[in-house]
file start_15.cif (mmCIF, C-alpha atoms)
data_protein
loop_
_atom_site.label_atom_id
_atom_site.label_comp_id
_atom_site.auth_asym_id
_atom_site.auth_seq_id
_atom_site.Cartn_x
_atom_site.Cartn_y
_atom_site.Cartn_z
CA MET A 1 137.13 93.52 82.59
CA ILE A 2 136.80 95.50 85.83
CA ASN A 3 133.17 96.07 84.96
CA ALA A 4 132.51 92.36 84.54
CA PHE A 5 134.18 91.70 87.89
CA HIS A 6 131.97 94.31 89.56
CA LEU A 7 128.83 92.84 88.01
CA ILE A 8 129.64 89.39 89.34
CA GLU A 9 130.63 90.80 92.74
CA PHE A 10 127.34 92.69 92.99
CA ALA A 11 125.34 89.61 92.01
CA ILE A 12 127.19 87.36 94.48
CA TRP A 13 126.53 89.75 97.36
CA SER A 14 122.90 90.00 96.40
CA GLY A 15 122.72 86.18 96.50
CA ILE A 16 124.35 86.20 99.95
CA ALA A 17 121.86 88.80 101.17
CA ALA A 18 119.00 86.64 99.89
CA VAL A 19 120.32 83.57 101.75
CA GLY A 20 120.84 85.65 104.91
CA PHE A 21 117.19 86.63 104.87
CA GLY A 22 116.22 83.09 104.01
CA VAL A 23 117.94 81.88 107.17
CA LEU A 24 116.17 84.60 109.18
CA PHE A 25 112.86 83.33 107.76
CA ASN A 26 113.94 79.75 108.51
CA ILE A 27 113.70 78.35 104.97
CA PRO A 28 114.25 74.58 104.58
CA LYS A 29 117.91 73.60 104.10
CA LYS A 30 117.10 72.16 100.66
CA ALA A 31 116.00 75.59 99.44
CA ILE A 32 119.21 77.48 100.30
CA VAL A 33 120.97 76.85 96.97
CA THR A 34 117.87 77.86 95.02
CA VAL A 35 117.49 81.06 97.04
CA PHE A 36 121.13 81.94 96.41
CA ALA A 37 120.71 81.29 92.66
CA LEU A 38 117.57 83.42 92.47
CA GLY A 39 119.13 86.24 94.49
CA PHE A 40 122.23 86.07 92.29
CA GLY A 41 120.12 86.09 89.11
CA ALA A 42 117.98 88.99 90.29
CA GLY A 43 121.02 91.05 91.25
CA PHE A 44 122.74 90.23 87.95
CA VAL A 45 119.72 91.17 85.80
CA LYS A 46 119.16 94.37 87.76
CA VAL A 47 122.74 95.59 87.52
CA ILE A 48 123.02 94.70 83.80
CA LEU A 49 119.82 96.62 83.03
CA MET A 50 121.07 99.59 85.00
CA LYS A 51 124.33 99.52 83.02
CA TYR A 52 122.19 99.85 79.88
CA ASP A 53 120.53 102.99 81.32
CA PHE A 54 117.27 101.47 82.48
CA ASP A 55 116.17 103.38 85.56
CA ILE A 56 116.29 101.65 88.92
CA ILE A 57 112.51 101.20 89.17
CA ALA A 58 112.21 99.43 85.81
CA SER A 59 115.27 97.26 86.48
CA SER A 60 113.96 96.21 89.89
CA PHE A 61 110.57 95.46 88.36
CA ILE A 62 112.02 93.25 85.61
CA ALA A 63 114.31 91.45 88.07
CA ALA A 64 111.37 90.83 90.44
CA ILE A 65 109.22 89.48 87.58
CA LEU A 66 112.05 87.13 86.66
CA VAL A 67 112.14 85.84 90.25
CA GLY A 68 108.37 85.44 90.26
CA ILE A 69 108.32 83.54 86.97
CA LEU A 70 111.25 81.26 87.78
CA SER A 71 110.10 80.36 91.28
CA THR A 72 106.99 78.45 90.17
CA PRO A 73 108.70 75.75 88.03
CA LEU A 74 111.51 75.56 90.61
CA SER A 75 108.97 75.01 93.37
CA HIS A 76 107.47 72.05 91.53
CA LYS A 77 110.91 70.61 91.01
CA ILE A 78 111.95 70.52 94.67
CA HIS A 79 108.40 70.34 96.09
CA GLN A 80 108.22 73.59 98.07
CA PRO A 81 105.66 76.38 97.80
CA PRO A 82 107.04 79.19 95.56
CA VAL A 83 106.87 81.96 98.20
CA ILE A 84 109.70 80.27 100.05
CA PHE A 85 112.28 81.35 97.50
CA SER A 86 110.65 84.31 95.85
CA ILE A 87 110.37 86.50 98.96
CA PRO A 88 113.98 86.13 100.20
CA ALA A 89 115.26 86.59 96.63
CA VAL A 90 113.67 90.03 96.13
CA ILE A 91 114.54 91.38 99.57
CA PRO A 92 118.09 92.48 98.55
CA MET A 93 116.46 94.89 96.09
CA ILE A 94 114.57 96.76 98.83
CA PRO A 95 115.36 100.49 98.38
CA GLY A 96 116.96 101.09 101.76
CA PHE A 97 119.31 103.82 100.58
CA PHE A 98 116.46 105.88 99.11
CA ALA A 99 114.54 105.48 102.37
CA TYR A 100 117.58 106.67 104.28
CA LYS A 101 118.05 109.72 102.04
CA THR A 102 114.36 110.58 102.40
CA ILE A 103 114.58 110.45 106.20
CA LEU A 104 117.80 112.48 106.16
CA SER A 105 116.21 115.20 104.01
CA VAL A 106 113.08 115.28 106.19
CA MET A 107 115.26 115.76 109.26
CA LYS A 108 117.36 118.49 107.70
CA TYR A 109 114.22 120.25 106.48
CA THR A 110 112.57 120.09 109.90
CA PHE A 111 115.45 120.72 112.28
CA VAL A 112 118.41 122.34 110.53
CA GLU A 113 117.97 124.26 107.31
CA GLN A 114 116.83 127.89 107.64
CA ASP A 115 117.73 129.19 104.18
CA ASN A 116 114.72 129.13 101.86
CA ALA A 117 116.63 128.26 98.67
CA ASN A 118 118.16 125.21 100.36
CA ARG A 119 114.81 124.20 101.83
CA ILE A 120 113.39 123.98 98.29
CA GLY A 121 116.28 121.71 97.36
CA LEU A 122 115.42 119.53 100.35
CA ILE A 123 111.75 119.31 99.33
CA GLU A 124 112.93 118.15 95.92
CA SER A 125 115.12 115.54 97.59
CA ILE A 126 112.29 114.32 99.86
CA PHE A 127 109.96 113.90 96.89
CA SER A 128 112.38 112.32 94.41
CA ASN A 129 113.90 109.88 96.93
CA GLY A 130 110.60 109.15 98.64
CA PHE A 131 108.71 108.40 95.46
CA THR A 132 111.57 106.35 94.02
CA MET A 133 111.47 104.28 97.20
CA ILE A 134 107.68 103.83 97.06
CA PHE A 135 107.70 102.91 93.38
CA ILE A 136 110.51 100.38 93.82
CA LEU A 137 108.57 98.78 96.69
CA ILE A 138 105.43 98.58 94.52
CA ALA A 139 107.46 97.25 91.58
CA LEU A 140 108.96 94.52 93.76
CA THR A 141 105.66 93.38 95.25
CA ILE A 142 103.79 93.40 91.93
CA GLY A 143 106.72 91.86 90.11
CA VAL A 144 107.07 88.96 92.50
CA SER A 145 103.41 88.23 93.20
CA PHE A 146 101.81 88.66 89.80
CA PRO A 147 103.43 85.65 88.07
CA LEU A 148 102.47 83.58 91.13
CA LEU A 149 98.83 84.61 90.78
CA LEU A 150 98.82 83.96 87.04
CA LEU A 151 100.39 80.53 87.38
CA ARG A 152 98.47 79.48 90.48
CA LYS A 153 95.64 77.81 88.58
CA SER A 154 97.86 74.86 87.76
CA THR A 155 98.59 74.19 91.46
CA VAL A 156 94.92 74.31 92.44
CA LYS A 157 93.98 71.90 89.68
CA LYS A 158 96.26 69.21 91.08
CA MET A 159 94.16 68.91 94.22
CA MET B 160 81.15 58.12 118.56
CA ASP B 161 78.87 61.13 118.42
CA THR B 162 79.36 63.57 115.62
CA SER B 163 79.73 66.78 117.59
CA ASN B 164 82.77 65.39 119.38
CA ARG B 165 84.28 64.32 116.06
CA LEU B 166 83.63 67.77 114.58
CA GLU B 167 85.12 69.43 117.65
CA ASN B 168 88.33 67.44 117.29
CA ILE B 169 88.55 68.19 113.58
CA ALA B 170 87.92 71.89 114.19
CA ASN B 171 90.69 72.01 116.81
CA LEU B 172 93.09 70.26 114.45
CA ILE B 173 92.34 72.50 111.48
CA LEU B 174 92.47 75.66 113.61
CA GLU B 175 95.84 74.59 114.94
CA ILE B 176 97.12 74.13 111.39
CA ALA B 177 95.68 77.45 110.25
CA SER B 178 97.08 79.41 113.17
CA LEU B 179 100.49 77.80 112.67
CA LEU B 180 100.41 78.93 109.03
CA MET B 181 99.38 82.47 109.94
CA MET B 182 102.14 82.69 112.56
CA SER B 183 104.72 81.49 110.06
CA GLY B 184 103.91 84.18 107.50
CA ALA B 185 101.72 82.42 104.91
CA ASN B 186 99.40 84.58 102.86
CA THR B 187 95.67 84.26 103.43
CA ASN B 188 95.03 82.39 100.21
CA ARG B 189 97.48 79.69 101.25
CA VAL B 190 95.90 79.40 104.70
CA ASN B 191 92.45 78.98 103.14
CA LEU B 192 93.78 76.47 100.62
CA ASN B 193 95.24 74.33 103.41
CA ILE B 194 92.08 74.59 105.53
CA ASP B 195 90.04 73.36 102.55
CA ARG B 196 92.42 70.53 101.74
CA PHE B 197 92.46 69.14 105.27
CA ALA B 198 88.72 69.64 105.70
CA ASN B 199 88.09 67.71 102.47
CA VAL B 200 90.30 64.85 103.60
CA LEU B 201 88.31 64.64 106.84
CA LYS B 202 84.99 64.78 104.90
CA CYS B 203 83.92 68.22 106.05
CA GLU B 204 83.34 71.61 104.55
CA ALA B 205 85.08 74.57 106.13
CA TYR B 206 84.08 78.23 106.24
CA SER B 207 86.50 80.59 107.88
CA PHE B 208 87.19 84.18 108.79
CA ILE B 209 90.88 84.93 109.21
CA SER B 210 92.27 87.94 110.98
CA HIS B 211 95.68 88.90 112.33
CA LYS B 212 95.11 87.59 115.85
CA THR B 213 92.01 85.40 115.54
CA ILE B 214 90.56 82.72 113.27
CA ILE B 215 86.86 81.85 113.22
CA LEU B 216 86.02 78.49 111.66
CA THR B 217 82.73 76.73 110.99
CA LEU B 218 82.85 73.09 109.98
CA THR B 219 79.95 71.29 108.33
CA ASP B 220 79.90 67.52 108.18
CA SER B 221 79.40 66.54 104.53
CA GLU B 222 77.20 63.54 105.43
CA THR B 223 75.08 64.57 108.41
CA ASN B 224 75.08 68.33 107.70
CA GLU B 225 75.78 69.08 111.34
CA SER B 226 77.98 72.07 111.94
CA TYR B 227 80.36 73.28 114.60
CA THR B 228 81.93 76.71 115.13
CA ARG B 229 85.08 77.55 117.01
CA VAL B 230 87.29 80.61 117.47
CA ARG B 231 91.01 80.48 118.13
CA ASN B 232 93.56 83.15 118.96
CA ILE B 233 96.80 83.24 117.00
CA PRO B 234 100.00 83.49 119.07
CA PRO B 235 102.54 86.23 118.20
CA HIS B 236 103.76 85.90 114.62
CA ARG B 237 107.20 84.51 113.92
CA ILE B 238 108.13 83.88 110.30
CA ASN B 239 109.03 80.28 109.60
CA PHE B 240 109.04 79.18 105.95
CA SER B 241 109.97 75.57 106.80
CA THR B 242 106.64 75.20 108.59
CA ILE B 243 104.72 76.56 105.60
CA SER B 244 106.58 74.20 103.31
CA SER B 245 106.03 71.12 105.54
CA ILE B 246 102.33 71.83 106.03
CA SER B 247 101.80 72.27 102.29
CA LYS B 248 103.60 69.02 101.63
CA ALA B 249 101.55 67.27 104.32
CA SER B 250 98.35 68.57 102.73
CA TRP B 251 99.28 67.08 99.33
CA ASN B 252 100.14 63.74 100.95
CA ALA B 253 96.98 63.79 103.05
CA ILE B 254 94.89 64.09 99.89
CA SER B 255 96.74 61.50 97.83
CA GLU B 256 97.01 58.94 100.67
CA ASP B 257 93.66 59.78 102.31
CA TRP B 258 95.07 60.34 105.81
CA SER B 259 93.09 59.80 109.01
CA MET B 260 92.83 62.43 111.72
CA GLU B 261 95.42 60.69 113.93
CA ARG B 262 97.88 60.57 111.03
CA ILE B 263 97.48 64.31 110.44
CA GLN B 264 97.89 65.00 114.16
CA THR B 265 101.19 63.05 114.38
CA GLU B 266 102.48 64.84 111.27
CA LEU B 267 101.52 68.18 112.80
CA ASP B 268 103.31 67.36 116.05
CA GLN B 269 106.43 66.51 114.05
CA ILE B 270 106.21 69.81 112.15
CA LYS B 271 105.87 71.74 115.41
CA ASP B 272 108.98 70.01 116.77
CA GLN B 273 111.16 71.09 113.84
CA LYS B 274 114.20 73.02 115.01
CA ARG B 275 114.95 76.51 113.76
CA TYR B 276 118.47 77.43 112.67
CA PRO B 277 120.72 77.98 115.73
CA ARG B 278 120.79 81.56 116.96
CA ILE B 279 124.44 82.15 116.09
CA ILE B 280 123.88 80.97 112.49
CA VAL B 281 120.98 83.41 112.12
CA LEU B 282 123.09 86.23 113.57
CA LEU B 283 125.95 85.56 111.16
CA ALA B 284 123.73 85.02 108.12
CA VAL B 285 121.79 88.24 108.67
CA SER B 286 125.00 90.17 109.26
CA PHE B 287 126.39 88.84 105.97
CA ALA B 288 123.12 89.93 104.35
CA GLY B 289 123.80 93.41 105.76
CA MET B 290 127.23 93.30 104.12
CA GLY B 291 125.58 92.31 100.85
CA PHE B 292 123.13 95.21 101.05
CA CYS B 293 126.00 97.60 101.71
CA ASN B 294 127.84 96.34 98.63
CA GLY B 295 124.66 96.81 96.60
CA PHE B 296 124.48 100.47 97.58
CA GLY B 297 128.08 101.10 96.55
CA GLY B 298 129.94 100.75 99.84
CA ASP B 299 133.55 99.51 99.86
CA TYR B 300 134.80 96.66 102.06
CA ILE B 301 135.45 98.89 105.08
CA ASN B 302 131.84 100.12 104.92
CA MET B 303 130.72 96.52 104.55
CA ILE B 304 132.55 95.54 107.74
CA VAL B 305 130.89 98.42 109.59
CA ALA B 306 127.54 97.23 108.20
CA PHE B 307 128.32 93.67 109.32
CA LEU B 308 129.17 94.68 112.88
CA SER B 309 126.25 97.05 113.33
CA THR B 310 123.77 94.57 111.85
CA PHE B 311 125.16 91.91 114.17
CA ALA B 312 124.61 94.09 117.23
CA GLY B 313 121.16 95.13 116.00
CA VAL B 314 120.01 91.55 115.39
CA PHE B 315 121.40 90.52 118.78
CA ILE B 316 119.43 93.22 120.62
CA HIS B 317 116.31 92.52 118.54
CA GLN B 318 116.44 88.81 119.38
CA PHE B 319 117.11 89.61 123.05
CA ALA B 320 114.09 91.93 123.20
CA HIS B 321 112.05 89.23 121.45
CA THR B 322 112.96 86.56 124.01
CA LYS B 323 112.13 89.00 126.84
CA LYS B 324 108.69 89.37 125.18
CA TYR B 325 108.90 93.13 124.75
CA ASN B 326 106.34 94.83 122.54
CA ILE B 327 107.29 93.96 118.95
CA TYR B 328 107.55 97.55 117.77
CA LEU B 329 109.68 98.41 120.80
CA SER B 330 111.98 95.49 119.91
CA VAL B 331 112.24 96.80 116.35
CA PHE B 332 113.00 100.30 117.67
CA LEU B 333 115.74 98.97 119.95
CA GLY B 334 117.31 96.90 117.16
CA SER B 335 117.21 99.82 114.75
CA PHE B 336 118.59 102.24 117.36
CA ILE B 337 121.54 100.03 118.34
CA ALA B 338 122.43 99.15 114.74
CA SER B 339 122.28 102.73 113.50
CA THR B 340 124.17 104.05 116.54
CA LEU B 341 127.08 101.73 115.76
CA ALA B 342 126.96 102.56 112.05
CA SER B 343 126.86 106.28 112.90
CA LEU B 344 130.30 105.92 114.45
CA GLY B 345 131.50 104.98 110.96
CA VAL B 346 130.08 108.25 109.63
CA VAL B 347 131.47 110.31 112.51
CA TYR B 348 135.01 108.90 112.06
CA ASN B 349 134.59 108.84 108.27
CA LEU B 350 135.55 105.19 107.78
CA GLY B 351 135.80 103.93 104.20
CA SER B 352 134.71 105.71 101.04
CA GLU B 353 130.91 105.83 101.55
CA PRO B 354 130.24 105.67 105.31
CA GLN B 355 126.59 106.61 104.84
CA THR B 356 125.85 103.39 102.95
CA ALA B 357 126.73 101.43 106.09
CA LEU B 358 124.33 103.57 108.13
CA ALA B 359 121.54 103.14 105.58
CA THR B 360 121.98 99.36 105.39
CA SER B 361 122.51 98.62 109.08
CA VAL B 362 118.76 98.72 109.80
CA LEU B 363 117.52 96.87 106.72
CA PHE B 364 117.35 93.50 108.48
CA LEU B 365 114.21 94.80 110.20
CA VAL B 366 112.33 95.62 106.99
CA PRO B 367 108.90 93.89 107.10
CA GLY B 368 109.23 92.39 103.62
CA VAL B 369 107.00 89.38 104.22
CA ALA B 370 104.19 91.47 105.74
CA LEU B 371 104.24 93.94 102.84
CA ILE B 372 104.34 91.30 100.08
CA ASN B 373 101.62 89.23 101.80
CA SER B 374 99.47 92.32 102.22
CA PHE B 375 99.72 93.00 98.51
CA THR B 376 98.87 89.43 97.47
CA ASP B 377 95.94 89.52 99.91
CA PHE B 378 94.68 92.68 98.21
CA LEU B 379 94.94 90.98 94.82
CA ASP B 380 92.90 88.05 96.16
CA GLY B 381 90.25 90.39 97.53
CA ASN B 382 91.09 89.73 101.18
CA PHE B 383 91.10 93.46 101.84
CA LEU B 384 90.59 93.38 105.59
CA ILE B 385 93.54 91.15 106.47
CA GLY B 386 95.58 92.86 103.72
CA LEU B 387 95.01 96.21 105.40
CA VAL B 388 95.92 94.71 108.76
CA ARG B 389 99.17 93.36 107.35
CA SER B 390 100.09 96.63 105.68
CA THR B 391 99.32 98.51 108.91
CA HIS B 392 101.66 96.15 110.73
CA GLY B 393 104.29 96.79 108.04
CA PHE B 394 103.80 100.54 108.35
CA MET B 395 104.15 100.42 112.16
CA THR B 396 107.38 98.44 111.77
CA VAL B 397 108.78 100.94 109.26
CA LEU B 398 107.85 103.74 111.66
CA ALA B 399 109.74 102.00 114.49
CA ILE B 400 112.80 101.54 112.24
CA ALA B 401 112.74 105.19 111.20
CA LEU B 402 112.37 106.32 114.81
CA GLY B 403 115.46 104.32 115.83
CA LEU B 404 117.42 105.80 112.94
CA PHE B 405 116.21 109.32 113.81
CA THR B 406 117.27 108.96 117.42
CA ALA B 407 120.75 107.75 116.52
CA MET B 408 121.16 110.50 113.94
CA ILE B 409 120.14 113.19 116.42
CA LEU B 410 122.58 111.79 119.00
CA PHE B 411 125.46 112.11 116.57
CA SER B 412 124.14 115.18 114.75
CA ILE B 413 124.56 113.41 111.42
CA LYS B 414 121.89 115.69 110.09
CA PHE B 415 124.69 118.14 109.21
CA ILE B 416 126.34 115.76 106.77
CA GLY B 417 125.42 114.84 103.20
#

call {"tool": "encode", "arguments": {"input": "start_15.cif", "output": "structure tokens"}}
result
Amino acid sequence: MINAFHLIEFAIWSGIAAVGFGVLFNIPKKAIVTVFALGFGAGFVKVILMKYDFDIIASSFIAAILVGILSTPLSHKIHQPPVIFSIPAVIPMIPGFFAYKTILSVMKYTFVEQDNANRIGLIESIFSNGFTMIFILIALTIGVSFPLLLLRKSTVKKM
Amino acid sequence: MDTSNRLENIANLILEIASLLMMSGANTNRVNLNIDRFANVLKCEAYSFISHKTIILTLTDSETNESYTRVRNIPPHRINFSTISSISKASWNAISEDWSMERIQTELDQIKDQKRYPRIIVLLAVSFAGMGFCNGFGGDYINMIVAFLSTFAGVFIHQFAHTKKYNIYLSVFLGSFIASTLASLGVVYNLGSEPQTALATSVLFLVPGVALINSFTDFLDGNFLIGLVRSTHGFMTVLAIALGLFTAMILFSIKFIG
């Protein structure tokens, strides 16, 4: 039961983060509910997949694809271009904590650590955190933009 | 009325629309799509070169084959998705109802007059987003409050620097520095169970998500030049964020923890 509560809590906060960024990007008022729903859905899918031992890159990728696929039909329904909800909805998945750990390890490596054994540990930390961060970023951008590109033909045809 | 004057007016109108879209954070494909739609409505063909700070547009009259070229500078970018949405909607209506130039101009003036969300709402919303990020990284509610407060201060300074027209990367640095300095206090006094999550999330409001995603879609469309420009802008922003975080961490010697 506690697990289920945590899942929902995580998803709700990810929806709130999506709306917060939406407001920063000045999305239309009509789109706020949709952005919350997409952010919530993305957070929910990501955390469920991670519970089933998917790694964080794959879970972020699948969640971003879901956002990308859902945003096109939604955009036709409330007459807004799809980017307006898809970008705010994936922003809560940005790997800020990995970026932070990478920077922390770089600093320790450069300014503090003298012991060679520990320095090797720091190199490992720089690489694993840094590449996880880069791959999550790539997964998010590909995941959210590829469905848009695939489905774009239908919008152009309407002209 | 002579044609060159007509073409000049159309070119000004379309350049205004295109630069508004670029400022608001539309990707290059969308800008081109809107240029083509409006040019078609006004019975012209448009050829354009779009860059980060400039747009070059050549219009050719479909009937007389006369052409007209104009260059326009783009003002500093400020993301505004409502503008993108309204312009797209206007372009659909313009095609289906065959709008005149005056009709498009009045619509454009209305779109430019649209109000943004009030500053305090933006501050609160972004701070709540910071709380959400912190929860996502496993912080407890004390960490989330630290993240809220430091994000709030960071956004406030960032907006202040923006209104004073500081260099954009300097504004990002200041926002990142103030936010991470406040969040560092949480690490120094060991507030909550995971104080470092608050520090890591306090600067995330500055992440150039739109620039990076747009740069990638531009690459996929083959607009490599503007895509590279956008990713360079994203990289510079990330550098400014990291520099602010570095400075705060050195001040508090957080390098010794974790």

call {"tool": "axis_aligned_box", "arguments": {"input": "start_15.cif", "around": "region 165-183 of chain B", "padding_each_side": "4 Å", "output": "JSON"}}
result
{"center_x": 94.2, "center_y": 73.5, "center_z": 113.3, "size_x": 29.1, "size_y": 26.4, "size_z": 16.6}

call {"tool": "interface_residues", "arguments": {"input": "start_15.cif", "of": "chain B", "to": "chain A", "cutoff": "6 Å", "atoms": "all atoms listed in the file", "output": "list of chain:residue names"}}
result
B:Ile238, B:Asn239, B:Phe240, B:Ser241, B:Ser244, B:Val281, B:Ala284, B:Val285, B:Ala288, B:Gly291, B:Ala359, B:Ile372, B:Lys414

call {"tool": "resolve_selection", "arguments": {"input": "start_15.cif", "expression": "the PyMOL selection byres ((chain B and resi 260) around 9)", "output": "list of chain:residue names"}}
result
B:Asn168, B:Ile169, B:Leu172, B:Val200, B:Leu201, B:Trp258, B:Ser259, B:Glu261, B:Arg262, B:Ile263, B:Gln264, B:Thr265

call {"tool": "atom_distance", "arguments": {"input": "start_15.cif", "atom1": "CA of Glu353 (chain B)", "atom2": "CA of Asn118 (chain A)"}}
result
23.2 Å

call {"tool": "residues_around", "arguments": {"input": "start_15.cif", "residues": "Ile56 (chain A)", "least_positions_apart": "5", "cutoff": "9 Å", "atoms": "all atoms listed in the file", "output": "number ranges by chain"}}
result
A: 46-47, 49-50, 61, 132, 136

call {"tool": "resolve_selection", "arguments": {"input": "start_15.cif", "expression": "the PyMOL selection byres ((chain B and resi 220-232) around 12)", "output": "ChimeraX atom specification"}}
result
/B:161-179,181-182,198-219,233-236

call {"tool": "atom_distance", "arguments": {"input": "start_15.cif", "atom1": "CA of Gly351 (chain B)", "atom2": "CA of Ile301 (chain B)"}}
result
5.1 Å

call {"tool": "closest_residue", "arguments": {"input": "start_15.cif", "among": "B:Pro277, B:Pro367, B:Gly386, B:Gly298", "to": "Ile327 (chain B)", "atoms": "only C-alpha atoms"}}
result
B:Pro367

call {"tool": "residues_near_point", "arguments": {"input": "start_15.cif", "point": "(120.7, 100.8, 108.8)", "cutoff": "8 Å", "atoms": "only C-alpha atoms", "output": "NGL selection string"}}
result
(:A and (96)) or (:B and (306 or 310 or 335 or 338-339 or 342 or 357-363 or 404))

call {"tool": "build_atoms", "arguments": {"input": "start_15.cif", "residues": "region 65-78 of chain A", "atoms": "N, CA and C atoms", "output": "PDB file, keeping the file's coordinate frame"}}
result
ATOM      1  N   ILE A  65     110.063  90.344  88.427  1.00  0.00           N
ATOM      2  CA  ILE A  65     109.220  89.480  87.580  1.00  0.00           C
ATOM      3  C   ILE A  65     109.952  88.191  87.261  1.00  0.00           C
ATOM      4  N   LEU A  66     111.245  88.329  86.959  1.00  0.00           N
ATOM      5  CA  LEU A  66     112.050  87.130  86.660  1.00  0.00           C
ATOM      6  C   LEU A  66     112.012  86.160  87.840  1.00  0.00           C
ATOM      7  N   VAL A  67     112.201  86.697  89.056  1.00  0.00           N
ATOM      8  CA  VAL A  67     112.140  85.840  90.250  1.00  0.00           C
ATOM      9  C   VAL A  67     110.779  85.179  90.355  1.00  0.00           C
ATOM     10  N   GLY A  68     109.724  85.982  90.148  1.00  0.00           N
ATOM     11  CA  GLY A  68     108.370  85.440  90.260  1.00  0.00           C
ATOM     12  C   GLY A  68     108.117  84.331  89.259  1.00  0.00           C
ATOM     13  N   ILE A  69     108.580  84.534  88.011  1.00  0.00           N
ATOM     14  CA  ILE A  69     108.320  83.540  86.970  1.00  0.00           C
ATOM     15  C   ILE A  69     109.124  82.267  87.222  1.00  0.00           C
ATOM     16  N   LEU A  70     110.409  82.443  87.593  1.00  0.00           N
ATOM     17  CA  LEU A  70     111.250  81.260  87.780  1.00  0.00           C
ATOM     18  C   LEU A  70     110.858  80.441  89.010  1.00  0.00           C
ATOM     19  N   SER A  71     110.293  81.100  90.037  1.00  0.00           N
ATOM     20  CA  SER A  71     110.100  80.360  91.280  1.00  0.00           C
ATOM     21  C   SER A  71     108.995  79.306  91.178  1.00  0.00           C
ATOM     22  N   THR A  72     108.060  79.468  90.255  1.00  0.00           N
ATOM     23  CA  THR A  72     106.990  78.450  90.170  1.00  0.00           C
ATOM     24  C   THR A  72     107.499  77.100  89.634  1.00  0.00           C
ATOM     25  N   PRO A  73     108.182  77.051  88.460  1.00  0.00           N
ATOM     26  CA  PRO A  73     108.700  75.750  88.030  1.00  0.00           C
ATOM     27  C   PRO A  73     109.718  75.170  89.020  1.00  0.00           C
ATOM     28  N   LEU A  74     110.543  76.047  89.624  1.00  0.00           N
ATOM     29  CA  LEU A  74     111.510  75.560  90.610  1.00  0.00           C
ATOM     30  C   LEU A  74     110.804  74.925  91.797  1.00  0.00           C
ATOM     31  N   SER A  75     109.664  75.527  92.188  1.00  0.00           N
ATOM     32  CA  SER A  75     108.970  75.010  93.370  1.00  0.00           C
ATOM     33  C   SER A  75     108.396  73.632  93.089  1.00  0.00           C
ATOM     34  N   HIS A  76     107.970  73.384  91.838  1.00  0.00           N
ATOM     35  CA  HIS A  76     107.470  72.050  91.530  1.00  0.00           C
ATOM     36  C   HIS A  76     108.597  71.038  91.506  1.00  0.00           C
ATOM     37  N   LYS A  77     109.780  71.526  91.119  1.00  0.00           N
ATOM     38  CA  LYS A  77     110.910  70.610  91.010  1.00  0.00           C
ATOM     39  C   LYS A  77     111.376  70.110  92.373  1.00  0.00           C
ATOM     40  N   ILE A  78     111.504  71.012  93.358  1.00  0.00           N
ATOM     41  CA  ILE A  78     111.950  70.520  94.670  1.00  0.00           C
ATOM     42  C   ILE A  78     110.817  70.499  95.694  1.00  0.00           C
TER      43      ILE A  78
END
